[in-house]
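These notes concern the structure reproduced below.
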Amino acid sequence: MFELDLLDFLKHATLGKIAIGSSKQDVQEVFGTPVQLERWHPGHGIQPNAWIYGALFFGFRDENETVCVIGFCPREPKETELSVGSQASAQTRGLQFGMPIDQVDSILSELDAPAAEGSRWEHGFLVKYPSGTTMVFQSSDGGKPPTLVEINCERLFA
C-alpha cells in the first residue's frame, strides 16, 4: 500500500512519483482503478477527465492523457477526511476539510511549511505554496472564519 504525505504534496506538488505531467498508467500503477470518473472544467476550453479516489482526484488532458490537476476535495458536504482510495493511505498531518484557516496555518507553521503568498477573494482565501500547490478556504456565513475546502495543484494549459 502506498502512503502519501500531504506535507510533501504542499511542499513539492508530488504524491510519491506522481506529479503534473505523469501518465494515466503511472497513476493507475500507484492508486489502482479509479473509484469514479468525471468530465469537468468545460469553461477552460479543454475537456479533462477526472479520476477520483475518495477526496483525491487527478485531472487528465484529453489530447495527451497526462495529469494536469492533482487535488483533494470532499465528495460530500460534511466530509472532513482526506481519503485517497483503497490502494493508498494518507499522512494528513492533522489537516482536514472544514478546518478554520488559522488552525491550518498553526499546524503548517509547526511543520515548517509556510505559504509563499495569500490572496483574499469575496468568499474566502487562496493560499499558495512555492511548489504551486494551493489551499482554498471558503466562508459559508458571515461571522465564521473561512475553512479548508480544497487543496490542489493545476497546470491546465501546457
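Residue numbering restarts at 1 in every chain; chains get A, B, ... in the order shown in the C-alpha cells, and ligands count up from 1 in that same order.
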Go through stretch 82-133 of chain A and flag each residue having an atom no more than 8 Å from stretch 48-62 of chain A; for those, report the closest pair of atoms plus their distance in Å to one decimal, using only C-alpha atoms, ordered by chain and rising number, as JSON lines.
```
{"residue": "A:Leu82", "atom": "CA", "partner": "A:Ala55", "partner_atom": "CA", "distance": 5.5}
{"residue": "A:Ser83", "atom": "CA", "partner": "A:Ala55", "partner_atom": "CA", "distance": 5.1}
{"residue": "A:Val84", "atom": "CA", "partner": "A:Leu56", "partner_atom": "CA", "distance": 5.2}
{"residue": "A:Gly85", "atom": "CA", "partner": "A:Tyr53", "partner_atom": "CA", "distance": 4.5}
{"residue": "A:Ser86", "atom": "CA", "partner": "A:Tyr53", "partner_atom": "CA", "distance": 7.9}
```
Go ahead and save the residues from that selection, with N, CA and C atoms, as an mmCIF file, in the first residue's frame.
```cif
data_model
loop_
_atom_site.group_PDB
_atom_site.id
_atom_site.type_symbol
_atom_site.label_atom_id
_atom_site.label_comp_id
_atom_site.auth_asym_id
_atom_site.auth_seq_id
_atom_site.Cartn_x
_atom_site.Cartn_y
_atom_site.Cartn_z
ATOM 1 N N LEU A 82 -9.402 13.399 4.335
ATOM 2 C CA LEU A 82 -8.738 13.477 3.039
ATOM 3 C C LEU A 82 -8.483 12.040 2.571
ATOM 4 N N SER A 83 -9.552 11.350 2.161
ATOM 5 C CA SER A 83 -9.456 9.957 1.751
ATOM 6 C C SER A 83 -8.771 9.839 0.393
ATOM 7 N N VAL A 84 -8.092 8.698 0.167
ATOM 8 C CA VAL A 84 -7.295 8.554 -1.051
ATOM 9 C C VAL A 84 -7.502 7.207 -1.750
ATOM 10 N N GLY A 85 -8.651 6.573 -1.568
ATOM 11 C CA GLY A 85 -8.923 5.305 -2.221
ATOM 12 C C GLY A 85 -8.412 4.129 -1.415
ATOM 13 N N SER A 86 -8.575 2.937 -1.966
ATOM 14 C CA SER A 86 -8.272 1.717 -1.218
ATOM 15 C C SER A 86 -6.830 1.240 -1.341
#
```
Inset, instruction - Report the residues of chain A whose backbone DSSP state falls under strand (DSSP E or B), written as a PyMOL selection string. - result: chain A and resi 2-5+14-15+18-19+23+36-39+49-53+56-60+66-72+88-91+100+117-121+124-128+134-138+147-154
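Proximity to A:Glu29 was assessed for A:Phe97, A:Phe72, A:Trp121, A:Phe2 counting only C-alpha atoms; the smallest distance is recorded for A:Phe2.
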Legend entry - Minimum-distance residue to A:Asp102, chosen among A:Gly16, A:Gly124, A:Pro130, A:Pro145 (using only C-alpha atoms):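 When distances to A:Asp102 are compared using only C-alpha atoms, the smallest one comes from A:Pro145.
Relative to atom CA of A:Thr14, atom CA of A:Thr33 is found at 19.3 Å.
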Inset, instruction - Find the residues around A:Phe9 up to 12 Å (only C-alpha atoms counted), leave out those fewer than 2 positions away in its own chain, and share them as an MDAnalysis selection string. - result: chainID A and resid 3:7 11:20 56 70:72 90:93 113 129:135 151:153
Print the selection's residues with C-alpha atoms to a file, as a JSON list (two decimals), in the first residue's frame.
```json
[["chain", "number", "residue", "atom", "x", "y", "z"],
["A", 3, "GLU", "CA", 1.42, 6.08, 1.77],
["A", 4, "LEU", "CA", 1.28, 9.66, 0.60],
["A", 5, "ASP", "CA", 2.27, 12.62, 2.74],
["A", 6, "LEU", "CA", 0.17, 15.76, 2.45],
["A", 7, "LEU", "CA", 3.12, 17.86, 3.60],
["A", 11, "LYS", "CA", 5.97, 21.50, -0.48],
["A", 12, "HIS", "CA", 6.70, 19.68, -3.77],
["A", 13, "ALA", "CA", 3.35, 19.20, -5.59],
["A", 14, "THR", "CA", 4.00, 15.46, -5.82],
["A", 15, "LEU", "CA", 2.40, 12.30, -4.47],
["A", 16, "GLY", "CA", 5.38, 9.94, -4.48],
["A", 17, "LYS", "CA", 6.31, 9.58, -8.16],
["A", 18, "ILE", "CA", 3.04, 11.17, -9.34],
["A", 19, "ALA", "CA", 3.23, 14.83, -10.41],
["A", 20, "ILE", "CA", 1.80, 17.19, -13.01],
["A", 56, "LEU", "CA", -8.24, 12.65, -4.07],
["A", 70, "ILE", "CA", -3.91, 16.86, -8.63],
["A", 71, "GLY", "CA", -6.20, 17.74, -5.77],
["A", 72, "PHE", "CA", -8.18, 16.91, -2.70],
["A", 90, "ALA", "CA", -2.58, 9.44, 3.66],
["A", 91, "GLN", "CA", -0.44, 11.09, 6.32],
["A", 92, "THR", "CA", -2.55, 14.24, 6.70],
["A", 93, "ARG", "CA", -0.51, 15.88, 9.50],
["A", 113, "ALA", "CA", 5.65, 24.74, 5.70],
["A", 129, "TYR", "CA", 2.87, 27.47, -1.77],
["A", 130, "PRO", "CA", 6.19, 27.80, -3.64],
["A", 131, "SER", "CA", 5.51, 24.41, -5.28],
["A", 132, "GLY", "CA", 2.39, 25.82, -6.97],
["A", 133, "THR", "CA", 0.06, 23.95, -4.64],
["A", 134, "THR", "CA", -2.95, 25.98, -3.49],
["A", 135, "MET", "CA", -5.17, 25.67, -0.42],
["A", 151, "ILE", "CA", -6.07, 21.55, -1.88],
["A", 152, "ASN", "CA", -4.78, 21.35, -5.44],
["A", 153, "CYS", "CA", -2.01, 21.88, -7.94]]
```
Inset, instruction - Using only C-alpha atoms, pick whichever of A:Val30, A:Ala115, A:Leu10, A:Val67 has the shortest atom-to-atom distance to A:Gln87. - result: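 Nearest to A:Gln87: A:Val30.
The space separating atom CA of A:Glu79 from atom CA of A:Gln96 comes to 8.9 Å.
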Legend entry - Residues within 9 Å of stretch 103-106 of chain A, only C-alpha atoms, excluding chain neighbours under 4 positions, as a VMD selection string: chain A and resid 94 to 96 99 110 to 111 113 to 115 147 to 148
Inset, instruction - Could you check how far atom CA of A:Ser89 sits from atom CA of A:Leu37, in Å to one decimal? - result: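 Computed distance, atom CA of A:Ser89 to atom CA of A:Leu37, equals 20.2 Å.
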Inset, instruction - Mind the document's chain letters and residue numbers, and return as a PyMOL selection string the residues of stretch 6-146 of chain A that DSSP labels helix (DSSP H, G or I). - result: chain A and resi 6-12+24-31+42-44+101-110
